[in-house]
Amino acid sequence: MLEIEGLAVEREERLLFSGLSVKLSAGEGLHIVGKNGAGKTTLLRALCGLTLPATGVIKWNDQDVTEFREAFCSDLLYLGHKNANKTELNCRENLRLALGIQTISDEEVGDALHEAGLGMLSHLPTRFLSQGQQRRLSLARLLLSKATLWVLDEPYVALDYKAIEWLDSILERHLKNKGLLVLTSHQTLTMSSTIRVLNLGEQHA
Amino acid sequence: MSAARRIPWMKYASASNFYPLANRLVPLFMGLAIILAVIGLYIGFFVAPEDYQQGNSYRIMFLHVPAAWMSMFIYLLLAMYAIISLVWRVKMADIMAYSLAPTGAMFTFIALLTGALWGRPTWGTYWIWDARLTSELLLLFLYLGYMGLYSAIPDRQRASRAASFLAIVGVVNVPIIYFSVIWWNTLHQGSSFSVSEGASMTSDMLSALLLMALACWAYTIAVVLRRAQAVILERKKVALWASQISKK
Amino acid sequence: MHKMLWKLFSRDMTLFMHRKQDVVTVLGFFLIAVALFPLGISSDPELLKTIAPGAVWIAALFSTVLALDRLFSEDLDDGTLEQQMLMPVPIALLLLVRLIAHWVITGLPLVLLAPLIGLQFGLSFDEIVILTLSLLIGTPILVLLGAIGAALTVGLKSSGGLVTLLLLPLYVPILILGTSAVSSSMHGVDVTAHFSLMGAALLVSLVLSPFAVATALKITLD
């Protein structure tokens with residue numbers, strides 16, 4: 001269970017938002033909306049611990065994430081704007097690297113890449129892939145990850161209709177399996193599960 | 001902010017309280033600096049006797065030694081503010097560190113320059129790779145590194161934190177550098193003692209030195225406070241712009 | 001966790017395999033920089049022996065700074081640095097592994113080239129041994145300390161000269177220690193003290209530097 005209490009984040013002398021408090025339980029999703037510059041990406045990064053908030057506490061399963069960092073990180077999967085793939089490595093190598101500690105069989109890697117539509121390209125260095133294909137590669141880790149909390153920043157960018165449907169199915173499956181989801185997206189979500197919406201514009205200092 | 005209320009003078013950690021205080025203090029310390037400097041220089045250049053070894057050329061010590069002291073004290077002060085800024089995230093501390101740096105660098109430069117000018121009549125050469133001057137040179141690099149890093153990072157928050165961290169790493173390094181340079185100096189049998197140890201002090205010389213040191217302190221306080229005020233204004237301006245843009 | 005650390009180590013090794021030319025560039029720079037000293041000063045054999053420790057160490061210093069650039073900059077650009085910061089392992093440990101890998105790839109070759117350069121400068125066998133040993137202990141220290149500067153300046157456009165300026169004061173004590181070890185041994189002085197100090201410096205760097213680099217990276221990624 002994720003708890004955010006009184007979160008405030010500053011950027012460039014400006015208080016982006018303050019007093020943000022949210023509780024997210026298993027199977028729940030949170031969609032962060034707001035204008036450009038409202039602080040959506042910063043909020044997600046603060047949630048993961050990449051940015052230090054001005055004030056506020058974030059608790060994962062009742063434990064402060066700054067004190068129990070490793071426990072939090074082992075349950076966390078974060079996908080930012082960048083694809084986090086090494087361009088010299090091929091799809092298989094990148095997927096394995098992305099999953100960190102997890103042991104996965106070659107078969108599972110192959111299956112995941114196949115589902116992502118990259119089956120034929122699995123041995124190609126990722127620099128030969130198109131934007132959309134690279135995005136699908138980074139999303140492929142969602143298929144194998146055992147992380148409970150998914151924090152996704154604009155995951156739908158560069159995806160075509162089929163891929164969007166594919167991502168929707170993955171996210172819905174995750175929520176059904178008692179996973180938690182926090183995401184931002186400029187587009188209207190097409191998932192069938194209901195997701196709470198948090199509008200950052202209404203959180204101003 | 002509750003911590004600030006508990007300690008009375010911590011209210012100056014808020015820029016809006018600091019500003020009027022600085023306004024009152026700056027002319028006071030500037031005046032003090034001028035008076036002390038005039039007296040100190042007078043004693044140093046006209047009252048204190050000639051040195052039996054170095055004649056009149058030793059008098060540049062009244063600039064060199066206080067400048068060298070200031071260059072080191074200011075760095076320590078800068079590092080202290082850097083720690084406060086980084087650990088307790090007090091913005092005023094960062095502004096103070098940032099404002100101290102140019103003055104510290106200036107004193108380091110003056111110390112190097114006067115050290116060279118002193119070296120010429122004493123050792124026949126403008127520069128000497130003794131422990132003190134070489135350490136002073138490296139101290140200049142520490143200052144330049146701090147200022148360079150601060151200005152190279154566009155995001156001001158990241159810049160202040162990175163530069164503060166650098167200053168802390170630097171201050172830990174200063175004794176290491178100093179001792180390694182001393183050791184290096186003994187290895188190569190360079191000058192057996194640095195220029196500033198040549199003179200034996202009369203009470204006139206001592207008082208001139210102390211007066212000049214105090215004058216430098218007063219000057220530093222005045223200049224740094226003034227610079228801090230300018231920085232506060234600059235940053236408030238930026239913050240105002242940023243919030244206006246975000247409202248559109 | 002050991003698996004994770006090993007994975008990180010082999011990741012850096014694999015990446016190196018794909019980009020051998022980067023490392024070749026650094027080595028080439030090292031060799032050329034060293035060659036500049038006799039070219040720029042004098043090829044007098046006696047003089048060469050005197051400047052050998054300094055020349056080799058200074059060239060190694062600059063090569064290390066050059067190589068440090070590739071430690072974090074690519075990972076920052078493609079987003080993998082963030083992912084590393086989110087791994088469920090202590091960040092200091094993660095960084096220690098990466099720094100060791102980085103040294104193996106960029107520092108160890110310098111150490112292996114040292115005997116060749118020693119010959120170029122006309123050093124005797126014993127002197128070459130001391131020179132190589134000093135680099136063997138010294139170059140890891142340079143990498144460990146240099147990573148702090150690299151972490152603070154990663155992603156900056158102007159970083160080239162800036163990193164050198166930042167690292168110079170940190171490097172001076174090691175430079176003095178390393179070169180004096182070699183030149184003292186050339187004068188017949190016992191250098192156990194020098195190497196003990198260097199060993200101590202290496203241990204301290206191994207323990208403290210990963211934490212410093214972690215803090216620096218957190219500041220950079222903030």
# chains A, B, ... in the order shown; residues from 1 in each chain; ligands from 1
>>> interface_residues(of="chain A", to="chain B", cutoff="7 Å", atoms="only C-alpha atoms", output="VMD selection string")
chain A and resid 12 to 14
>>> closest_atom_pairs(of="chain C", to="chain A", cutoff="8 Å", atoms="only C-alpha atoms", output="tab-separated table")
residue	atom	partner	partner_atom	distance
C:Met1	CA	A:Ile101	CA	7.0
C:Lys3	CA	A:Ile101	CA	6.9
C:Met4	CA	A:Ile101	CA	5.3
C:Lys7	CA	A:Leu97	CA	7.7
C:Arg11	CA	A:Leu97	CA	7.9
C:Leu15	CA	A:Glu88	CA	7.1
C:His18	CA	A:Glu88	CA	6.5
C:Asp78	CA	A:Ala84	CA	5.3
C:Gly79	CA	A:Ala84	CA	4.4
C:Thr80	CA	A:Ala84	CA	4.6
C:Glu82	CA	A:Leu50	CA	7.5
C:Gln83	CA	A:Ala84	CA	7.2
C:Met85	CA	A:Leu50	CA	7.7
C:Leu86	CA	A:Cys73	CA	5.9
C:Met87	CA	A:Cys73	CA	6.1
C:Pro88	CA	A:Glu70	CA	4.4
C:Val89	CA	A:Glu70	CA	6.2
C:Pro90	CA	A:Glu70	CA	7.3
C:Lys218	CA	A:Leu50	CA	7.1
C:Leu221	CA	A:Leu50	CA	6.5
C:Asp222	CA	A:Thr51	CA	4.4
>>> residues_around(residues="range 96-105 of chain C", least_positions_apart="3", cutoff="8 Å", atoms="only C-alpha atoms", output="list in words")
Leu5, Leu8, Phe9, Asp12, Met13, Phe16, Val23, Leu71, Ala92, Leu93, Leu108, Pro109, Thr139, Pro140, Val143, Leu144, Ala147, Leu206 and Pro210 of chain C
>>> write_last_selection(atoms="C-alpha atoms", output="PDB file, in the first residue's frame")
ATOM      1  CA  LEU C   5      26.555  -6.933  -8.598  1.00  0.00           C
ATOM      2  CA  LEU C   8      26.474  -4.932 -13.257  1.00  0.00           C
ATOM      3  CA  PHE C   9      30.132  -5.755 -13.539  1.00  0.00           C
ATOM      4  CA  ASP C  12      30.125  -2.766 -18.054  1.00  0.00           C
ATOM      5  CA  MET C  13      32.430  -5.385 -19.510  1.00  0.00           C
ATOM      6  CA  PHE C  16      33.225  -2.172 -23.283  1.00  0.00           C
ATOM      7  CA  VAL C  23      39.309   2.661 -24.622  1.00  0.00           C
ATOM      8  CA  LEU C  71      31.491   6.596 -16.822  1.00  0.00           C
ATOM      9  CA  ALA C  92      27.415   2.825  -2.719  1.00  0.00           C
ATOM     10  CA  LEU C  93      27.993  -0.871  -3.355  1.00  0.00           C
ATOM     11  CA  LEU C 108      44.576  -1.401 -15.770  1.00  0.00           C
ATOM     12  CA  PRO C 109      45.742  -1.029 -19.394  1.00  0.00           C
ATOM     13  CA  THR C 139      45.270   4.600 -10.785  1.00  0.00           C
ATOM     14  CA  PRO C 140      42.410   3.031  -8.789  1.00  0.00           C
ATOM     15  CA  VAL C 143      39.380   6.598 -10.627  1.00  0.00           C
ATOM     16  CA  LEU C 144      37.711   6.502  -7.209  1.00  0.00           C
ATOM     17  CA  ALA C 147      34.308   9.690 -10.128  1.00  0.00           C
ATOM     18  CA  LEU C 206      37.547   2.312  -1.615  1.00  0.00           C
ATOM     19  CA  PRO C 210      31.404   5.245  -3.313  1.00  0.00           C
TER      20      PRO C 210
END
>>> closest_residue(among="B:Ile128, B:Leu63, B:Ile168, B:Leu138", to="chain C", atoms="only C-alpha atoms")
B:Leu138
>>> interface_residues(of="chain B", to="chain C", cutoff="7 Å", atoms="only C-alpha atoms", output="list in words")
Leu138, Phe141, Leu142, Gly145, Ala152, Ile153, Arg158, Arg161, Ala162, Asn173, Ile176, Ile177, Ser180 and Trp184 of chain B
>>> write_last_selection(atoms="C-alpha atoms", output="short mmCIF file (atom, residue, chain, number, x, y, z; two decimals), in the first residue's frame")
data_model
loop_
_atom_site.label_atom_id
_atom_site.label_comp_id
_atom_site.auth_asym_id
_atom_site.auth_seq_id
_atom_site.Cartn_x
_atom_site.Cartn_y
_atom_site.Cartn_z
CA LEU B 138 45.78 25.22 -5.05
CA PHE B 141 41.84 26.44 -7.80
CA LEU B 142 39.43 25.30 -5.10
CA GLY B 145 36.30 25.19 -9.02
CA ALA B 152 28.23 25.74 -15.19
CA ILE B 153 25.02 24.12 -13.95
CA ARG B 158 21.35 21.48 -8.49
CA ARG B 161 23.92 21.57 -3.99
CA ALA B 162 26.72 20.39 -6.28
CA ASN B 173 41.08 17.98 1.30
CA ILE B 176 45.73 16.74 3.02
CA ILE B 177 46.87 19.04 0.25
CA SER B 180 51.43 16.72 1.01
CA TRP B 184 56.85 17.52 -1.42
#
>>> residues_around(residues="Ala93 in chain B", least_positions_apart="4", cutoff="12 Å", atoms="only C-alpha atoms", output="ChimeraX atom specification")
/B:10,12-15,18,77-89,97-100,160-161,164,228,232
>>> residues_around(residues="range 54-61 of chain B", least_positions_apart="4", cutoff="7 Å", atoms="only C-alpha atoms", output="list in words")
Gly44, Phe45, Glu50, Val65, Thr114, Trp118, Pro121, Thr122 and Ser196 of chain B
>>> closest_residue(among="A:His31, A:Arg92, A:Lys23, A:Arg135", to="Val197 in chain A", atoms="only C-alpha atoms")
A:His31
>>> select_by_dssp(residues="chain A", states="strand (DSSP E)", output="ChimeraX atom specification")
/A:2-11,14-24,29-33,55-60,63-64,76-79,149-153,180-184,196-199
>>> atom_distance(atom1="CA of Leu25 in chain B", atom2="CA of Val231 in chain B")
16.8 Å
>>> residues_around(residues="Leu135 in chain C", least_positions_apart="4", cutoff="10 Å", atoms="only C-alpha atoms", output="list in words")
Pro53, Val56, Trp57, Ala60, Gly107, Leu108, Leu110, Val111, Leu112, Ala114, Val129, Ile130, Leu131, Thr139, Pro140, Ile141, Leu142, Gly178, Thr179 and Val182 of chain C
>>> atom_distance(atom1="CA of Ala37 in chain B", atom2="CA of His64 in chain B")
13.6 Å
>>> residues_around(residues="Gly27 in chain A", least_positions_apart="2", cutoff="9 Å", atoms="only C-alpha atoms", output="list in words")
Leu24, Ser25, Gly29, His174, Leu175, Lys176, Asn177, Lys178, Gly179, Leu180 and Leu181 of chain A
>>> decode(residues="range 56-91 of chain C", atoms="N, CA and C atoms", output="JSON list (two decimals), in the first residue's frame")
[["chain", "number", "residue", "atom", "x", "y", "z"],
["C", 56, "VAL", "N", 54.97, 10.16, -16.59],
["C", 56, "VAL", "CA", 54.05, 9.02, -16.67],
["C", 56, "VAL", "C", 52.82, 9.27, -15.80],
["C", 57, "TRP", "N", 53.06, 9.77, -14.60],
["C", 57, "TRP", "CA", 51.93, 9.99, -13.69],
["C", 57, "TRP", "C", 51.00, 11.08, -14.19],
["C", 58, "ILE", "N", 51.58, 12.16, -14.72],
["C", 58, "ILE", "CA", 50.73, 13.25, -15.21],
["C", 58, "ILE", "C", 49.91, 12.77, -16.41],
["C", 59, "ALA", "N", 50.55, 12.02, -17.30],
["C", 59, "ALA", "CA", 49.82, 11.48, -18.45],
["C", 59, "ALA", "C", 48.71, 10.55, -17.97],
["C", 60, "ALA", "N", 49.02, 9.73, -16.96],
["C", 60, "ALA", "CA", 48.00, 8.81, -16.43],
["C", 60, "ALA", "C", 46.85, 9.59, -15.82],
["C", 61, "LEU", "N", 47.18, 10.67, -15.15],
["C", 61, "LEU", "CA", 46.18, 11.52, -14.52],
["C", 61, "LEU", "C", 45.21, 12.06, -15.57],
["C", 62, "PHE", "N", 45.75, 12.65, -16.63],
["C", 62, "PHE", "CA", 44.89, 13.23, -17.66],
["C", 62, "PHE", "C", 44.11, 12.15, -18.40],
["C", 63, "SER", "N", 44.73, 11.00, -18.60],
["C", 63, "SER", "CA", 44.01, 9.91, -19.27],
["C", 63, "SER", "C", 42.84, 9.46, -18.42],
["C", 64, "THR", "N", 43.06, 9.40, -17.12],
["C", 64, "THR", "CA", 41.97, 8.99, -16.22],
["C", 64, "THR", "C", 40.81, 9.97, -16.32],
["C", 65, "VAL", "N", 41.13, 11.26, -16.29],
["C", 65, "VAL", "CA", 40.07, 12.26, -16.37],
["C", 65, "VAL", "C", 39.32, 12.13, -17.69],
["C", 66, "LEU", "N", 40.06, 11.90, -18.77],
["C", 66, "LEU", "CA", 39.44, 11.72, -20.08],
["C", 66, "LEU", "C", 38.49, 10.53, -20.07],
["C", 67, "ALA", "N", 38.97, 9.43, -19.48],
["C", 67, "ALA", "CA", 38.16, 8.21, -19.48],
["C", 67, "ALA", "C", 36.94, 8.33, -18.58],
["C", 68, "LEU", "N", 37.03, 9.15, -17.54],
["C", 68, "LEU", "CA", 35.92, 9.26, -16.59],
["C", 68, "LEU", "C", 34.66, 9.81, -17.24],
["C", 69, "ASP", "N", 34.87, 10.53, -18.33],
["C", 69, "ASP", "CA", 33.73, 11.13, -18.99],
["C", 69, "ASP", "C", 32.70, 10.08, -19.39],
["C", 70, "ARG", "N", 33.18, 8.91, -19.83],
["C", 70, "ARG", "CA", 32.24, 7.92, -20.31],
["C", 70, "ARG", "C", 31.61, 7.11, -19.18],
["C", 71, "LEU", "N", 31.99, 7.40, -17.94],
["C", 71, "LEU", "CA", 31.49, 6.60, -16.82],
["C", 71, "LEU", "C", 30.00, 6.79, -16.61],
["C", 72, "PHE", "N", 29.56, 8.05, -16.63],
["C", 72, "PHE", "CA", 28.16, 8.32, -16.31],
["C", 72, "PHE", "C", 27.38, 8.97, -17.44],
["C", 73, "SER", "N", 28.08, 9.62, -18.38],
["C", 73, "SER", "CA", 27.35, 10.48, -19.31],
["C", 73, "SER", "C", 26.37, 9.71, -20.19],
["C", 74, "GLU", "N", 26.80, 8.56, -20.72],
["C", 74, "GLU", "CA", 25.88, 7.80, -21.56],
["C", 74, "GLU", "C", 24.69, 7.30, -20.77],
["C", 75, "ASP", "N", 24.97, 6.80, -19.59],
["C", 75, "ASP", "CA", 23.89, 6.25, -18.76],
["C", 75, "ASP", "C", 22.91, 7.33, -18.36],
["C", 76, "LEU", "N", 23.39, 8.55, -18.21],
["C", 76, "LEU", "CA", 22.48, 9.63, -17.91],
["C", 76, "LEU", "C", 21.59, 9.90, -19.11],
["C", 77, "ASP", "N", 22.19, 9.94, -20.28],
["C", 77, "ASP", "CA", 21.44, 10.26, -21.48],
["C", 77, "ASP", "C", 20.36, 9.25, -21.82],
["C", 78, "ASP", "N", 20.67, 7.96, -21.68],
["C", 78, "ASP", "CA", 19.65, 7.00, -22.10],
["C", 78, "ASP", "C", 18.75, 6.55, -20.97],
["C", 79, "GLY", "N", 18.92, 7.09, -19.78],
["C", 79, "GLY", "CA", 18.00, 6.79, -18.68],
["C", 79, "GLY", "C", 18.41, 5.61, -17.83],
["C", 80, "THR", "N", 19.51, 4.94, -18.18],
["C", 80, "THR", "CA", 19.89, 3.77, -17.39],
["C", 80, "THR", "C", 20.50, 4.16, -16.05],
["C", 81, "LEU", "N", 21.02, 5.37, -15.95],
["C", 81, "LEU", "CA", 21.58, 5.81, -14.67],
["C", 81, "LEU", "C", 20.48, 5.87, -13.61],
["C", 82, "GLU", "N", 19.33, 6.41, -13.98],
["C", 82, "GLU", "CA", 18.20, 6.47, -13.06],
["C", 82, "GLU", "C", 17.82, 5.07, -12.60],
["C", 83, "GLN", "N", 17.78, 4.15, -13.57],
["C", 83, "GLN", "CA", 17.39, 2.78, -13.24],
["C", 83, "GLN", "C", 18.38, 2.16, -12.27],
["C", 84, "GLN", "N", 19.67, 2.49, -12.42],
["C", 84, "GLN", "CA", 20.66, 1.98, -11.49],
["C", 84, "GLN", "C", 20.42, 2.53, -10.09],
["C", 85, "MET", "N", 20.02, 3.81, -10.03],
["C", 85, "MET", "CA", 19.77, 4.42, -8.73],
["C", 85, "MET", "C", 18.53, 3.81, -8.06],
["C", 86, "LEU", "N", 17.72, 3.11, -8.83],
["C", 86, "LEU", "CA", 16.51, 2.52, -8.26],
["C", 86, "LEU", "C", 16.65, 1.04, -7.97],
["C", 87, "MET", "N", 17.85, 0.53, -8.13],
["C", 87, "MET", "CA", 18.04, -0.90, -7.86],
["C", 87, "MET", "C", 18.00, -1.17, -6.37],
["C", 88, "PRO", "N", 17.43, -2.31, -5.97],
["C", 88, "PRO", "CA", 17.34, -2.62, -4.55],
["C", 88, "PRO", "C", 18.66, -3.09, -3.94],
["C", 89, "VAL", "N", 19.72, -2.43, -4.32],
["C", 89, "VAL", "CA", 21.01, -2.70, -3.67],
["C", 89, "VAL", "C", 21.53, -1.37, -3.15],
["C", 90, "PRO", "N", 22.35, -1.38, -2.11],
["C", 90, "PRO", "CA", 22.90, -0.10, -1.63],
["C", 90, "PRO", "C", 23.66, 0.57, -2.77],
["C", 91, "ILE", "N", 23.36, 1.83, -3.00],
["C", 91, "ILE", "CA", 23.93, 2.52, -4.15],
["C", 91, "ILE", "C", 25.45, 2.59, -4.07]]
